[in-house]
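Some notes on the structure that comes next.
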Amino acid sequence: MEPVSPDVTSLLKKLADGNQEAASELIPVIYQELHRLAVGHLRHERPDHTLQPTALVHEAYIKLVAQRNADWQSRAHFFAVASKLMRRILVDYARRHLRAKRGGRQAKLSLDEVVLLSPDRPDKMLALDESLTRLERLDPRQGRIVELRYFGGLTVEEAAQILGVSPTTVRREWTSAKAWLYGELKEPHGDHA
Amino acid sequence: MEITPDKWQQAKALFDAVLQRPPSDRASFLASICPEEDLRQQVEQLLINHEQAGSFLSKPILHHNQHYAGKSERFASGAIVAGRFKIVRLLGKGGMGEVFEAQDLKLRRQVALKFLPEATSGDPQMLERFEREARAASTLNHPGICTIHDIGEAERWHFITMELLEGETLGHLINGKPLEIETVVDLGIQIADALDAAHSKGIIHRDIKPGNIFVTSRKQTKILDFGLAKLPLKVDSVVMSATTIDAEQRLTSPGSAMGTVAYMSPEQVRGKELDLRTDLFSFGVVLYEMVTGVLPFRGDAIATVFDTILHKSPVAPVRLNQDVPEKLEYVICKCLQKDRGLRYQHSSEIRSDLQRLKRDSDSNNSIVEAPPVAARWPWWIAVTAMVIIAAVAMGYFSSHRLTKLTDKDTLVLAEFTNTTGDTVFDGTLRQGLSSQLEQSPFLNLLSDQRIAQTLSLMEQRKDTRLTGELVREVCQRTASSATIEGSISSLATQYVLGLKAVNCRNGDLLADEQIVANGKEQVLKALGEAATKLRGKLGESLSTVQRFDTPVEEATTPSLEALQVYSLGQRSLAANADPAAAVPLFRRAIGLDQNFAMAYALLGLNFAYLGQNGLAAENTRKAYELRDRVSERERFFIESNYYFLVTGNLEKARQAYELWAQIYPRDTPPPGNLGALYVSLGQYDKALEKTRAALRLDRGSAASYASLVGCLYLLNRLSEAAATAQEAQAKNLDSAWLRINLYMLAFLQNDAEGMARQVAWSVGKPGVEDILLGVDAETTAYFGQLRKARELSRRAVASAERAGEKETAAHYEADAALREALFGYTASVGERARAALSLSMDRDAQYGAALAMAVALTSRKQVQQVEKLANDLDSRLPDDTIVRFNYLPTVRAKLALRRNDPLKAIELLQEATPYELGSPGFGPFMVALYPAYVRGEAYLDMNQGSEAAAEFQKILTHRGIVANGPIGALAQLGVARASVLEGENDKARSAYQDFFALWKDADPDIPVLKQAKTEYAKLK
């Protein structure tokens, strides 16, 4: 397995040292890295797993995570950034997918993109993203929690560690965030349940 | 539902509180604590949402795939299976079902358990077959095959117990990228051996693919699932009946169907009876993927994949990975024969061929365990100008009767037979035809260098006209496939042009073409048209003929006369590798056609070869402006040189070369120049790799050999450098460049006699002598003999000026100025620097002068001058990677030190860190590691001894890079001073002593030496 580019490692270090600017540098690097892993995987058409579409991105993500060293400080930052990225990637793909569909130009999407695309309905993904953005405005920490839990796949305990709060707090915030988002999302679609 | 952040906080708090209550109490509780109507409604809504939400967002968007999450619905860890196996964890999940790591409680060992899919377990007939196969496979006992221990049954599930392996599958290892050739061969031998073991017991695998080949952490390969593929439970069998899968499904499950069909043999695709040779085909696919990172047979639908397997030849691996040795390519091609009768018949044959390959490459390596080349001298820039490199046609391909050419075939262009009596056609038409054919990524012309070299082996003059028998012999000797012979004759006012391609082994006519030109001015146009038609007849695809077909009169020049002089220049360059002689020819060609882009480009390049960088830039820029008038290939040449030589934007240059290499993978300039580029950047390992690639493309290139020697010594690999130089000389590939590198090598090996030998060799050779005098001046200065160095520099300047090379002369002046400044003779620095600048304002001369003045700085006025020079460089070359990240930070840091602001200096030098190992100066001007030196000084100023010592030590460690530069000696003194600051007097004393030993024959009055002695005396 190819090691993550040294950029990532050094940027993570910087981030851990409190250099907040590193975060903005890190995002494009990790994005690329994820993309590379995911696309590399596709190109390779690896036959030994039956992977679901999203699992491709996911696997790229897991791979990237697995390569991080055990330094928790770095890992925490990494997760924080990576969750944001997962969100961005999925939303971007959803948006493009939707646009292509509307334009009747589905063929324009490359194979990579089709496969990377979330199998869920892209319009839902976009709606979630918008609502989450509103939630972030109401309460940034709750927004982060949703991002970490839902897009980053982190457990309550992990998210708590990253945010430096107790798991109880995370659990509480998560519950009300979900309830709020659910309300936001069900409205335009009528009964969602 | 709009809500403000404040309100949300309240609502949230209420919601949390209410949730603590039992559901039945919630409404009343809420009413009791929240009198505010609006807010209460919000919270009530939240509570409703909460109840309805169910599993909303409760699973992450990407749920953990079982392979990674290690969760199985079948067994939890700790479960005991069949009373004997304790499940440790889930290892993977695939077409075959789940695989667990388990502990065999009976035999107390770790094993893997592979469960069959339920569908299989329910079918008694299938089960019987499974058992039979598994039993057969379990008899295989070979280190390269995953051992099957047993089969078993637990509840309704059937499983196999087998060896537990640590490592990863070959699929993971490849991961879309080529593996090292050495690894491919090593693993390939193991796989071939394992296949042989199974085949000799009559067991065929039928599903050889990277996902079924495991590579353990000790690089042992293990083939998985032997004998199981025959069972109709694998993915491929599904696929066999799945050609109707709709597009959507196929796109979304690339892991299953698509992956597996790609490795199928043609007979498998056709559903025929299989024998062991199916495995050999699949193995060929795997090898192909190992060397290229991609599959040979691709398609976005199963049907297309099948079609390519049955009918198409894969792209030659070497086009995707230049490192693939031809013998390995041969092995792969033989495996991939569609007719199994033409394939290898036994795996053992593949094994022997691979073993032979390994042996050969091992013994090669012992001669030239060659690191790549570094480019330090200007002429390394483009190893060969517009030369197309000959790839020796593989025996395998050339043994076929040649009807059409393949892209493996090399052609030799003969001179035209000119019966018109008009000498303007001599040489000209061959050049025109060559320009036209060179555009083709398909055709491969034998390079002029290679022709000249072959002629000299045949004891012919290098510039002998290539006609008749001679051209046929050159063709045969170079294992080329065919000759292209042209003729021109006149018929009243018309000219008749003829072209024919002849197989040089048997004399068969491959293709011919005749065309009539109405008048002399139409000849080039007609030639172009004939050449285009010939390309098609020789087997090139229509699409590349169309894409790469700029008419010759547009691409090169419409002027026959200009083309004639240009071709003389090309020839002179090829035969004699003498840029100085080629310059006037290209100038004359430009005189005849002011818009002759390629003539400007080659003129620029030759100036660069000569170290005349200003002129190189000027002419390259001109070529760049005219680049619309050239062919695609020529444009690559011009654009990449433009970035490299004019703007200095190395990232853009790198991209341009990479792109060029992709389209014309056999051209040497891309890897050759990338080698030089990486040297400038200080990425010597990459430089080595690229230079090796260039040499591999043209084993007869004197320039590539010289570059390789350079790269090796830059990496401190001295004995390899020496061996490579010997090899070049044994091949009669001596050159001035090689000699210069031999001088540096002798210096690094403390071989004074060796250095003297090279200096003596150069005496009286214009354009070479000055360089050896220049480097010799540096060497004497390195040992503190400054008076002698001054004299040598003076002679170097004079010699360069005699040869008309002002810029090179400027570099010697700049070197001398820097040396004076560093040694403490500050008074003379200004004058020397001005002398340099009056000779040339090229980048390196200007930097050298500025740095020298910045080191000396005697007056405010000088500070201003240095600032002005730096700002000028900055505004003139804003994109130049070296200027931005190496030169300017160094000069400005030095100025900061002058202002007693070492902190600023260190900050300025921060950007230089990734570039500081680079050897950026073209020509004899060597300025590697100055950023580190100045940083070391800054730390000394800040009394940070250990940081300072680290910087100076860096200079001492990279001896090959710093070589005989003055800071190589002064860094010793730097270490001494740093140690004093650290209070480590013993270490300091010994460092001072080292410095004095180095300067034992130094001129006694050098200020820096006197100062060092004073410092040393204080230590006692």
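In the structure tokens, the first chain shown is A, the next is B, and so on; residue numbers restart at 1 for each chain, and ligands run from 1 in the order shown.
Residues in contact with Phe306 of chain B at up to 9 Å, not including ones fewer than 5 positions away on its chain and judged by only C-alpha atoms, are B:Val261, B:Ala262, B:Met264, B:Pro266, B:Val269, B:Phe297, B:Arg298, B:Gly299, B:Ala301, B:His311.
Those residues that approach segment 585-595 of chain B to within 6 Å, counting only C-alpha atoms, are Ala562, Val565, Tyr566, Gly569, Ala582, Val583, Ala597, Ala599 and Leu603 of chain B; same-chain residues fewer than 2 positions away are not listed.
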Just the selected residues (N, CA and C atoms), exported as a compact mmCIF listing (two decimals), in the first residue's frame, please.
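Saved result, selection-v3.txt, follows:
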# COMPACT_ATOMS: atom_id res chain seq x y z
N ALA B 562 17.03 26.58 -46.69
CA ALA B 562 17.11 26.62 -45.22
C ALA B 562 17.12 25.20 -44.67
N VAL B 565 20.63 23.63 -44.98
CA VAL B 565 21.62 24.04 -43.99
C VAL B 565 21.27 23.45 -42.62
N TYR B 566 19.99 23.46 -42.33
CA TYR B 566 19.50 22.90 -41.06
C TYR B 566 19.90 21.43 -40.95
N GLY B 569 23.40 21.08 -40.02
CA GLY B 569 23.59 21.33 -38.59
C GLY B 569 23.23 20.11 -37.77
N ALA B 582 27.88 23.45 -34.85
CA ALA B 582 26.50 23.46 -35.35
C ALA B 582 25.89 24.86 -35.30
N VAL B 583 26.34 25.68 -34.35
CA VAL B 583 25.75 27.01 -34.18
C VAL B 583 25.69 27.83 -35.47
N ALA B 597 11.21 27.97 -36.91
CA ALA B 597 11.13 27.77 -35.45
C ALA B 597 12.14 26.75 -34.94
N ALA B 599 14.93 25.79 -36.17
CA ALA B 599 16.31 26.24 -36.23
C ALA B 599 16.62 27.13 -35.03
N LEU B 603 19.27 26.20 -32.18
CA LEU B 603 20.30 27.18 -31.89
C LEU B 603 20.31 27.48 -30.39
Between atom CA of Gly700 of chain B and atom CA of Gln449 of chain B, what is the distance in Å, rounded to a tenth?
7.8 Å
8 Å contact set for Gly143 of chain A, only C-alpha atoms, chain neighbours under 3 positions out, as number ranges by chain:
A: 132-133, 135-136, 139-140, 146-147, 177
With C-alpha atoms retained, could you export that selection as a PDB file, in the first residue's frame?
ATOM      1  CA  LEU A 132     -26.566  20.741   7.971  1.00  0.00           C
ATOM      2  CA  THR A 133     -25.174  24.060   6.840  1.00  0.00           C
ATOM      3  CA  LEU A 135     -27.517  23.765  11.682  1.00  0.00           C
ATOM      4  CA  GLU A 136     -23.903  24.826  11.660  1.00  0.00           C
ATOM      5  CA  ASP A 139     -24.714  25.673  16.544  1.00  0.00           C
ATOM      6  CA  PRO A 140     -21.315  25.028  15.024  1.00  0.00           C
ATOM      7  CA  VAL A 146     -23.005  15.400  12.688  1.00  0.00           C
ATOM      8  CA  GLU A 147     -20.136  15.642  10.309  1.00  0.00           C
ATOM      9  CA  ALA A 177     -29.225  17.598  16.051  1.00  0.00           C
TER      10      ALA A 177
END
With only C-alpha atoms as the atoms that count, which of B:Trp157, B:Phe56, B:Tyr643, B:Tyr713 lies nearest to chain A?
B:Phe56
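Nearest to chain A of all the residues B:Lys209, B:Arg356, B:Arg627, B:Arg795 is B:Lys209, counting only C-alpha atoms.
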When you draw a straight line from atom CA of Asn985 of chain B to atom CA of Val962 of chain B, how long is it in Å?
26.9 Å
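Among the candidate residues A:Leu138, A:Ala160, A:Leu154, A:Val170, the one lying nearest to chain B is A:Leu138, with distances computed using only C-alpha atoms.
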Could you check the closest approach to Thr557 of chain B for each of B:Glu36, B:Thr428, B:Glu529, B:Arg633 and tell me which residue wins, using only C-alpha atoms?
B:Thr428
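Residues in contact with segment 343-347 of chain B at up to 7 Å, not including ones fewer than 4 positions away on its chain and judged by only C-alpha atoms, are B:Ala192, B:Leu195, B:Asp196, B:Arg277, B:Leu280, B:Lys334, B:Cys335, B:Leu336, B:Gln337, B:Asp339, B:Arg351.
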Could those residues be written to a file, using C-alpha atoms, as a compact mmCIF listing (two decimals), in the first residue's frame?
# COMPACT_ATOMS: atom_id res chain seq x y z
CA ALA B 192 5.54 -19.79 -12.31
CA LEU B 195 1.86 -23.17 -11.21
CA ASP B 196 4.32 -25.71 -12.47
CA ARG B 277 -2.41 -23.28 -20.76
CA LEU B 280 -0.48 -19.41 -18.47
CA LYS B 334 4.23 -15.17 -25.40
CA CYS B 335 1.88 -15.84 -22.49
CA LEU B 336 -0.76 -13.67 -24.11
CA GLN B 337 -0.87 -15.49 -27.40
CA ASP B 339 -3.70 -19.41 -29.90
CA ARG B 351 10.13 -19.83 -14.98
Could you tell me which of B:Thr216, B:Asn503, B:Gln662, B:Thr423 comes closest to Val318 of chain B if we count only C-alpha atoms?
B:Gln662
Neighbouring residues of segment 619-626 of chain B were defined as those with any atom within 7 Å, considering only C-alpha atoms; residues of the same chain fewer than 3 positions away were excluded. Please report them as a PyMOL selection string.
chain B and resi 595+597-598+600-601+603-604+615-616+629+638-639+642+646
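Computed from the coordinates, the atom CA of Glu473 of chain B to atom CA of Ala414 of chain B distance equals 11.3 Å.
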